[in-house]
$ cat query_4.pdb   # PDB, C-alpha atoms
MODEL        1
ATOM      1  CA  MET F 231       0.000   0.000   0.000  1.00  0.00           C
ATOM      2  CA  ASP F 232       1.551   3.337  -0.975  1.00  0.00           C
ATOM      3  CA  SER F 233       1.560   6.307   1.379  1.00  0.00           C
ATOM      4  CA  LYS F 234      -1.355   8.060  -0.343  1.00  0.00           C
ATOM      5  CA  HIS F 235      -3.566   5.011   0.124  1.00  0.00           C
ATOM      6  CA  LEU F 236      -2.279   4.502   3.661  1.00  0.00           C
ATOM      7  CA  LEU F 237      -3.184   8.073   4.614  1.00  0.00           C
ATOM      8  CA  ALA F 238      -6.605   7.683   3.033  1.00  0.00           C
ATOM      9  CA  ALA F 239      -7.093   4.382   4.850  1.00  0.00           C
ATOM     10  CA  PHE F 240      -6.103   6.007   8.140  1.00  0.00           C
ATOM     11  CA  GLY F 241      -8.601   8.780   7.529  1.00  0.00           C
ATOM     12  CA  ILE F 242     -11.403   6.312   6.944  1.00  0.00           C
ATOM     13  CA  ALA F 243     -10.288   4.043   9.762  1.00  0.00           C
ATOM     14  CA  SER F 244     -10.021   6.868  12.258  1.00  0.00           C
ATOM     15  CA  ALA F 245     -13.394   8.242  11.192  1.00  0.00           C
ATOM     16  CA  LEU F 246     -15.030   4.846  11.435  1.00  0.00           C
ATOM     17  CA  LEU F 247     -13.361   4.047  14.725  1.00  0.00           C
ATOM     18  CA  ALA F 248     -14.308   7.414  16.125  1.00  0.00           C
ATOM     19  CA  ALA F 249     -17.922   6.875  15.052  1.00  0.00           C
ATOM     20  CA  VAL F 250     -18.212   3.682  17.078  1.00  0.00           C
ATOM     21  CA  PRO F 251     -18.462   4.458  20.806  1.00  0.00           C
ATOM     22  CA  GLY F 252     -15.438   3.233  22.710  1.00  0.00           C
ATOM     23  CA  LYS F 253     -13.594   2.252  19.515  1.00  0.00           C
ATOM     24  CA  SER F 254     -11.646   5.375  18.539  1.00  0.00           C
ATOM     25  CA  PHE F 255      -7.928   4.822  18.165  1.00  0.00           C
ATOM     26  CA  GLY F 256      -6.454   4.326  21.605  1.00  0.00           C
ATOM     27  CA  ALA F 257      -9.921   4.191  23.234  1.00  0.00           C
ATOM     28  CA  GLU F 258      -8.796   1.430  25.523  1.00  0.00           C
ATOM     29  CA  ALA F 259      -7.053   2.552  28.711  1.00  0.00           C
ATOM     30  CA  PRO F 260      -4.062   4.567  27.484  1.00  0.00           C
ATOM     31  CA  PRO F 261      -0.783   2.798  28.175  1.00  0.00           C
ATOM     32  CA  ALA F 262       2.120   4.656  29.690  1.00  0.00           C
ATOM     33  CA  ALA F 263       4.848   5.847  27.355  1.00  0.00           C
ATOM     34  CA  LYS F 264       7.260   3.010  26.767  1.00  0.00           C
ATOM     35  CA  ALA F 265      10.384   5.104  27.137  1.00  0.00           C
ATOM     36  CA  GLU F 266      10.142   7.559  30.019  1.00  0.00           C
ATOM     37  CA  THR F 267      12.681  10.333  29.830  1.00  0.00           C
ATOM     38  CA  LYS F 268      13.355  13.400  31.928  1.00  0.00           C
ATOM     39  CA  THR F 269      12.329  15.708  29.119  1.00  0.00           C
ATOM     40  CA  ASP F 270       9.046  16.322  27.359  1.00  0.00           C
ATOM     41  CA  VAL F 271      10.694  15.890  23.944  1.00  0.00           C
ATOM     42  CA  VAL F 272      10.179  12.594  22.119  1.00  0.00           C
ATOM     43  CA  SER F 273      12.776  11.536  19.526  1.00  0.00           C
ATOM     44  CA  VAL F 274      11.701   9.108  16.805  1.00  0.00           C
ATOM     45  CA  LYS F 275      13.917   7.436  14.224  1.00  0.00           C
ATOM     46  CA  GLY F 276      12.361   5.672  11.250  1.00  0.00           C
ATOM     47  CA  LYS F 277      13.847   3.899   8.252  1.00  0.00           C
ATOM     48  CA  ASP F 278      14.662   7.087   6.316  1.00  0.00           C
ATOM     49  CA  TYR F 279      13.751   9.874   8.743  1.00  0.00           C
ATOM     50  CA  SER F 280      14.010  11.128  12.275  1.00  0.00           C
ATOM     51  CA  PHE F 281      12.204  13.859  14.150  1.00  0.00           C
ATOM     52  CA  THR F 282      11.502  15.321  17.557  1.00  0.00           C
ATOM     53  CA  VAL F 283       8.211  16.509  19.011  1.00  0.00           C
ATOM     54  CA  ARG F 284       7.200  17.942  22.362  1.00  0.00           C
ATOM     55  CA  THR F 285       4.669  16.225  24.601  1.00  0.00           C
ATOM     56  CA  PRO F 286       2.199  18.783  25.997  1.00  0.00           C
ATOM     57  CA  ASP F 287       1.747  19.067  29.766  1.00  0.00           C
ATOM     58  CA  GLY F 288      -0.780  16.509  31.010  1.00  0.00           C
ATOM     59  CA  TRP F 289      -0.288  14.255  27.983  1.00  0.00           C
ATOM     60  CA  GLN F 290       1.820  11.148  27.367  1.00  0.00           C
ATOM     61  CA  ALA F 291       3.509   9.923  24.211  1.00  0.00           C
ATOM     62  CA  ASP F 292       3.505   6.275  23.162  1.00  0.00           C
ATOM     63  CA  THR F 293       5.491   5.097  20.150  1.00  0.00           C
ATOM     64  CA  GLU F 294       4.616   1.395  20.511  1.00  0.00           C
ATOM     65  CA  THR F 295       0.817   1.748  20.463  1.00  0.00           C
ATOM     66  CA  ALA F 296       1.130   4.229  17.564  1.00  0.00           C
ATOM     67  CA  LYS F 297       2.472   1.399  15.386  1.00  0.00           C
ATOM     68  CA  GLN F 298      -0.940  -0.330  15.556  1.00  0.00           C
ATOM     69  CA  PHE F 299      -2.307   2.652  13.584  1.00  0.00           C
ATOM     70  CA  HIS F 300       0.679   2.897  11.195  1.00  0.00           C
ATOM     71  CA  GLY F 301       1.789   5.960  13.141  1.00  0.00           C
ATOM     72  CA  ASP F 302       4.927   7.151  14.865  1.00  0.00           C
ATOM     73  CA  VAL F 303       3.619   8.698  18.099  1.00  0.00           C
ATOM     74  CA  LEU F 304       0.220   8.430  19.802  1.00  0.00           C
ATOM     75  CA  PHE F 305      -0.538  11.139  22.354  1.00  0.00           C
ATOM     76  CA  THR F 306      -3.155  10.571  25.057  1.00  0.00           C
ATOM     77  CA  GLN F 307      -4.155  12.570  28.090  1.00  0.00           C
ATOM     78  CA  LYS F 308      -2.698  11.184  31.326  1.00  0.00           C
ATOM     79  CA  ALA F 309      -5.991  11.548  33.205  1.00  0.00           C
ATOM     80  CA  ASP F 310      -8.151  10.234  30.331  1.00  0.00           C
ATOM     81  CA  ALA F 311     -10.491   7.344  31.095  1.00  0.00           C
ATOM     82  CA  GLY F 312     -10.848   6.484  27.396  1.00  0.00           C
ATOM     83  CA  GLY F 313     -13.230   9.157  26.094  1.00  0.00           C
ATOM     84  CA  GLY F 314     -10.893  12.039  25.384  1.00  0.00           C
ATOM     85  CA  ALA F 315      -9.007  13.157  22.331  1.00  0.00           C
ATOM     86  CA  LYS F 316      -6.227  11.051  20.845  1.00  0.00           C
ATOM     87  CA  ILE F 317      -3.533  12.599  18.653  1.00  0.00           C
ATOM     88  CA  LEU F 318      -1.608  10.506  16.140  1.00  0.00           C
ATOM     89  CA  LEU F 319       1.540  11.744  14.414  1.00  0.00           C
ATOM     90  CA  ILE F 320       2.587   9.980  11.196  1.00  0.00           C
ATOM     91  CA  VAL F 321       5.559  10.478   8.874  1.00  0.00           C
ATOM     92  CA  GLN F 322       4.622   9.505   5.307  1.00  0.00           C
ATOM     93  CA  HIS F 323       6.541   9.315   2.055  1.00  0.00           C
ATOM     94  CA  LYS F 324       5.500  12.090  -0.312  1.00  0.00           C
ATOM     95  CA  PHE F 325       5.332  11.891  -4.085  1.00  0.00           C
ATOM     96  CA  ASP F 326       5.619  15.626  -4.723  1.00  0.00           C
ATOM     97  CA  GLU F 327       5.545  18.939  -2.901  1.00  0.00           C
ATOM     98  CA  ASN F 328       1.779  19.470  -3.255  1.00  0.00           C
ATOM     99  CA  THR F 329       0.834  18.404   0.266  1.00  0.00           C
ATOM    100  CA  ALA F 330      -2.615  20.004  -0.097  1.00  0.00           C
ATOM    101  CA  LEU F 331      -3.590  17.044  -2.299  1.00  0.00           C
ATOM    102  CA  LEU F 332      -3.046  14.662   0.632  1.00  0.00           C
ATOM    103  CA  ILE F 333      -5.707  16.278   2.782  1.00  0.00           C
ATOM    104  CA  GLN F 334      -8.130  16.536  -0.130  1.00  0.00           C
ATOM    105  CA  GLY F 335      -7.693  12.836  -0.938  1.00  0.00           C
ATOM    106  CA  ASP F 336      -8.263  11.953   2.701  1.00  0.00           C
ATOM    107  CA  ILE F 337     -11.458  14.043   2.832  1.00  0.00           C
ATOM    108  CA  ASN F 338     -12.758  12.526  -0.421  1.00  0.00           C
ATOM    109  CA  ASN F 339     -12.265   9.002   0.946  1.00  0.00           C
ATOM    110  CA  VAL F 340     -13.989   9.753   4.258  1.00  0.00           C
ATOM    111  CA  ARG F 341     -16.874  11.404   2.385  1.00  0.00           C
ATOM    112  CA  LYS F 342     -17.531   8.067   0.625  1.00  0.00           C
ATOM    113  CA  GLN F 343     -18.430   6.575   4.009  1.00  0.00           C
ATOM    114  CA  PHE F 344     -20.061   9.724   5.389  1.00  0.00           C
ATOM    115  CA  PRO F 345     -21.805  11.699   2.598  1.00  0.00           C
ATOM    116  CA  ASP F 346     -22.976  14.404   5.040  1.00  0.00           C
ATOM    117  CA  LEU F 347     -19.429  15.066   6.211  1.00  0.00           C
ATOM    118  CA  GLN F 348     -18.885  18.618   7.418  1.00  0.00           C
ATOM    119  CA  LEU F 349     -15.644  20.505   6.779  1.00  0.00           C
ATOM    120  CA  ALA F 350     -14.214  23.586   8.433  1.00  0.00           C
ATOM    121  CA  ASP F 351     -10.894  25.379   8.233  1.00  0.00           C
ATOM    122  CA  LEU F 352      -8.596  24.693  11.163  1.00  0.00           C
ATOM    123  CA  ASP F 353      -6.334  27.450  12.457  1.00  0.00           C
ATOM    124  CA  VAL F 354      -3.156  25.495  13.150  1.00  0.00           C
ATOM    125  CA  LYS F 355       0.189  26.056  11.461  1.00  0.00           C
ATOM    126  CA  HIS F 356       3.754  24.913  11.840  1.00  0.00           C
ATOM    127  CA  PRO F 357       6.066  27.926  12.229  1.00  0.00           C
ATOM    128  CA  ARG F 358       8.149  26.964   9.149  1.00  0.00           C
ATOM    129  CA  TYR F 359       6.486  24.116   7.246  1.00  0.00           C
ATOM    130  CA  PRO F 360       3.585  24.813   4.881  1.00  0.00           C
ATOM    131  CA  THR F 361       0.552  23.400   6.718  1.00  0.00           C
ATOM    132  CA  PHE F 362      -2.830  22.324   5.344  1.00  0.00           C
ATOM    133  CA  ALA F 363      -5.428  21.779   8.068  1.00  0.00           C
ATOM    134  CA  LYS F 364      -9.136  20.977   8.280  1.00  0.00           C
ATOM    135  CA  THR F 365     -11.733  19.854  10.774  1.00  0.00           C
ATOM    136  CA  VAL F 366     -13.713  16.925   9.403  1.00  0.00           C
ATOM    137  CA  SER F 367     -16.830  15.965  11.331  1.00  0.00           C
ATOM    138  CA  GLN F 368     -20.081  14.108  11.479  1.00  0.00           C
ATOM    139  CA  PRO F 369     -21.608  15.910  14.495  1.00  0.00           C
ATOM    140  CA  GLY F 370     -22.802  13.516  17.162  1.00  0.00           C
ATOM    141  CA  GLN F 371     -20.544  10.783  15.772  1.00  0.00           C
ATOM    142  CA  PHE F 372     -16.951  12.034  15.417  1.00  0.00           C
ATOM    143  CA  PHE F 373     -14.678  15.026  15.025  1.00  0.00           C
ATOM    144  CA  GLN F 374     -11.329  14.642  13.256  1.00  0.00           C
ATOM    145  CA  TYR F 375      -8.747  17.432  13.200  1.00  0.00           C
ATOM    146  CA  GLU F 376      -6.180  16.968  10.426  1.00  0.00           C
ATOM    147  CA  ALA F 377      -2.980  18.798   9.557  1.00  0.00           C
ATOM    148  CA  TYR F 378      -0.506  17.888   6.831  1.00  0.00           C
ATOM    149  CA  MET F 379       2.905  19.558   6.931  1.00  0.00           C
ATOM    150  CA  ASN F 380       5.578  19.667   4.240  1.00  0.00           C
ATOM    151  CA  PRO F 381       9.078  20.213   5.670  1.00  0.00           C
ATOM    152  CA  GLY F 382      10.415  21.053   2.204  1.00  0.00           C
ATOM    153  CA  SER F 383      11.889  19.552  -0.919  1.00  0.00           C
ATOM    154  CA  LEU F 384      15.032  18.306   0.868  1.00  0.00           C
ATOM    155  CA  TYR F 385      12.857  15.828   2.784  1.00  0.00           C
ATOM    156  CA  PRO F 386      11.272  12.731   1.199  1.00  0.00           C
ATOM    157  CA  ASN F 387       8.449  12.747   3.750  1.00  0.00           C
ATOM    158  CA  ALA F 388       5.440  14.770   4.841  1.00  0.00           C
ATOM    159  CA  LEU F 389       4.016  14.900   8.364  1.00  0.00           C
ATOM    160  CA  TYR F 390       0.432  14.180   9.380  1.00  0.00           C
ATOM    161  CA  ALA F 391      -1.063  15.074  12.757  1.00  0.00           C
ATOM    162  CA  GLY F 392      -4.602  13.853  13.381  1.00  0.00           C
ATOM    163  CA  MET F 393      -6.696  14.369  16.493  1.00  0.00           C
ATOM    164  CA  SER F 394      -9.728  12.124  16.878  1.00  0.00           C
ATOM    165  CA  LYS F 395     -12.624  12.832  19.190  1.00  0.00           C
ATOM    166  CA  ALA F 396     -15.843  10.822  19.431  1.00  0.00           C
ATOM    167  CA  LYS F 397     -19.212  12.622  19.524  1.00  0.00           C
ATOM    168  CA  ASP F 398     -18.161  16.029  20.877  1.00  0.00           C
ATOM    169  CA  PRO F 399     -15.763  18.628  19.470  1.00  0.00           C
ATOM    170  CA  ALA F 400     -12.361  19.015  21.071  1.00  0.00           C
ATOM    171  CA  THR F 401     -12.141  21.201  24.164  1.00  0.00           C
ATOM    172  CA  PRO F 402     -10.010  24.366  24.103  1.00  0.00           C
ATOM    173  CA  ALA F 403      -7.354  22.505  26.135  1.00  0.00           C
ATOM    174  CA  GLU F 404      -7.313  19.593  23.666  1.00  0.00           C
ATOM    175  CA  LEU F 405      -7.007  21.996  20.724  1.00  0.00           C
ATOM    176  CA  ALA F 406      -4.145  23.794  22.501  1.00  0.00           C
ATOM    177  CA  ALA F 407      -2.306  20.481  22.988  1.00  0.00           C
ATOM    178  CA  TYR F 408      -2.878  19.578  19.330  1.00  0.00           C
ATOM    179  CA  LYS F 409      -1.518  22.943  18.173  1.00  0.00           C
ATOM    180  CA  GLU F 410       1.522  22.530  20.436  1.00  0.00           C
ATOM    181  CA  ILE F 411       2.300  19.150  18.857  1.00  0.00           C
ATOM    182  CA  VAL F 412       1.900  20.501  15.305  1.00  0.00           C
ATOM    183  CA  GLN F 413       4.061  23.542  16.042  1.00  0.00           C
ATOM    184  CA  SER F 414       6.807  21.614  17.852  1.00  0.00           C
ATOM    185  CA  VAL F 415       7.489  18.733  15.449  1.00  0.00           C
ATOM    186  CA  GLU F 416      10.901  19.071  13.781  1.00  0.00           C
ATOM    187  CA  MET F 417      12.268  16.798  11.091  1.00  0.00           C
ATOM    188  CA  THR F 418      15.992  16.124  11.337  1.00  0.00           C
ATOM    189  CA  PRO F 419      17.718  17.376   8.180  1.00  0.00           C
ATOM    190  CA  PRO F 420      18.756  14.535   5.876  1.00  0.00           C
ATOM    191  CA  PRO F 421      22.477  13.783   5.749  1.00  0.00           C
ATOM    192  CA  ALA F 422      24.359  15.788   3.166  1.00  0.00           C
ATOM    193  CA  ALA F 423      25.251  13.898   0.012  1.00  0.00           C
ATOM    194  CA  PRO F 424      28.953  13.043  -0.181  1.00  0.00           C
ATOM    195  CA  ASN F 425      30.921  15.501  -2.243  1.00  0.00           C
ATOM    196  CA  PRO F 426      32.331  13.665  -5.285  1.00  0.00           C
ATOM    197  CA  GLY F 427      36.029  14.295  -5.376  1.00  0.00           C
TER     198      GLY F 427
ENDMDL
END

$ encode --input "query_4.pdb" --output "structure tokens"
Amino acid sequence: MDSKHLLAAFGIASALLAAVPGKSFGAEAPPAAKAETKTDVVSVKGKDYSFTVRTPDGWQADTETAKQFHGDVLFTQKADAGGGAKILLIVQHKFDENTALLIQGDINNVRKQFPDLQLADLDVKHPRYPTFAKTVSQPGQFFQYEAYMNPGSLYPNALYAGMSKAKDPATPAELAAYKEIVQSVEMTPPPAAPNPG
């Protein structure tokens, strides 16, 4: 499955999971982060990328559970009993620099399952990466907050941050945590190509 289809599948899966009570991603009791550190910064290294991201106060980061959703980091609230927002951060291979097409493809796929899908602009931006963000919802069933970020042409990957909430919209505190995650993620620059000599 290529990254475009994987992102679309995640969009549908997260929407469907969010629409079923108690089945949104990470709805079971949130596990503790697997690697506790003294800092709130999580470092992730993938096959052809690495990045850092800050964990907001009152939240925990889990890289192991994120893998179940083809993600890199799953953020859950420490005091959550299973009904709060879940934030999933994914690094995906990109085919070109037009990251706006990723979010549109995701929305089109979710709309196939939910024809009455509602869309709204989402005011969240990375300080340096072009960011394309939307709120996708079926009120009373699910709210999905999506942001795609393009770190630039030097990077082979784009970043996706999705926040899923069943039934009710995110609270101001949940939106603040989501924005903090989006604004704090930093891709590690790729190694410089060897200089032919």

$ atom_distance --input "query_4.pdb" --atom1 "CA of Ser414 in chain F" --atom2 "CA of Asp353 in chain F"
15.4 Å

$ residues_around --input "query_4.pdb" --residues "Met393 in chain F" --least-positions-apart "5" --cutoff "7 Å" --atoms "all atoms listed in the file" --output "number ranges by chain"
F: 315-318, 374-376

$ residues_around --input "query_4.pdb" --residues "range 341-349 of chain F" --least-positions-apart "4" --cutoff "6 Å" --atoms "only C-alpha atoms" --output "PDB file with C-alpha atoms, keeping the file's coordinate frame"
ATOM      1  CA  THR F 365     -11.733  19.854  10.774  1.00  0.00           C
ATOM      2  CA  VAL F 366     -13.713  16.925   9.403  1.00  0.00           C
ATOM      3  CA  SER F 367     -16.830  15.965  11.331  1.00  0.00           C
ATOM      4  CA  GLN F 368     -20.081  14.108  11.479  1.00  0.00           C
TER       5      GLN F 368
END

$ residues_around --input "query_4.pdb" --residues "Ser383 in chain F" --least-positions-apart "6" --cutoff "12 Å" --atoms "only C-alpha atoms" --output "list of chain:residue names"
F:His323, F:Lys324, F:Phe325, F:Asp326, F:Glu327, F:Asn328, F:Thr329, F:Tyr359, F:Pro360, F:Pro419, F:Pro420

$ closest_residue --input "query_4.pdb" --among "F:Ile320, F:Arg358, F:Pro402, F:Ala407" --to "Tyr390 in chain F" --atoms "all atoms listed in the file"
F:Ile320

$ closest_residue --input "query_4.pdb" --among "F:Met417, F:Val412, F:Ile337, F:Ala363" --to "Thr285 in chain F" --atoms "only C-alpha atoms"
F:Val412

$ atom_distance --input "query_4.pdb" --atom1 "CA of Asn338 in chain F" --atom2 "CA of Gly382 in chain F"
24.8 Å

$ closest_residue --input "query_4.pdb" --among "F:Ala388, F:Ala403, F:Asp302, F:Gly335" --to "Gly276 in chain F" --atoms "all atoms listed in the file"
F:Asp302

$ resolve_selection --input "query_4.pdb" --expression "the PyMOL selection byres ((chain F and resi 300) around 10)" --output "PyMOL selection string"
chain F and resi 236-237+240+295-299+301-303+318-322

$ closest_residue --input "query_4.pdb" --among "F:Gln290, F:Gln371, F:Thr361, F:Gln307" --to "Pro399 in chain F" --atoms "all atoms listed in the file"
F:Gln371

$ resolve_selection --input "query_4.pdb" --expression "the PyMOL selection byres ((chain F and resi 271) around 7)" --output "number ranges by chain"
F: 269-270, 272-273, 282-285

$ closest_residue --input "query_4.pdb" --among "F:Thr401, F:Pro286, F:Lys277, F:Pro357" --to "Asn380 in chain F" --atoms "only C-alpha atoms"
F:Pro357

$ closest_residue --input "query_4.pdb" --among "F:Asn387, F:Thr306, F:Asn339, F:Gln413" --to "Tyr279 in chain F" --atoms "only C-alpha atoms"
F:Asn387

$ atom_distance --input "query_4.pdb" --atom1 "CA of Asp292 in chain F" --atom2 "CA of His356 in chain F"
21.8 Å
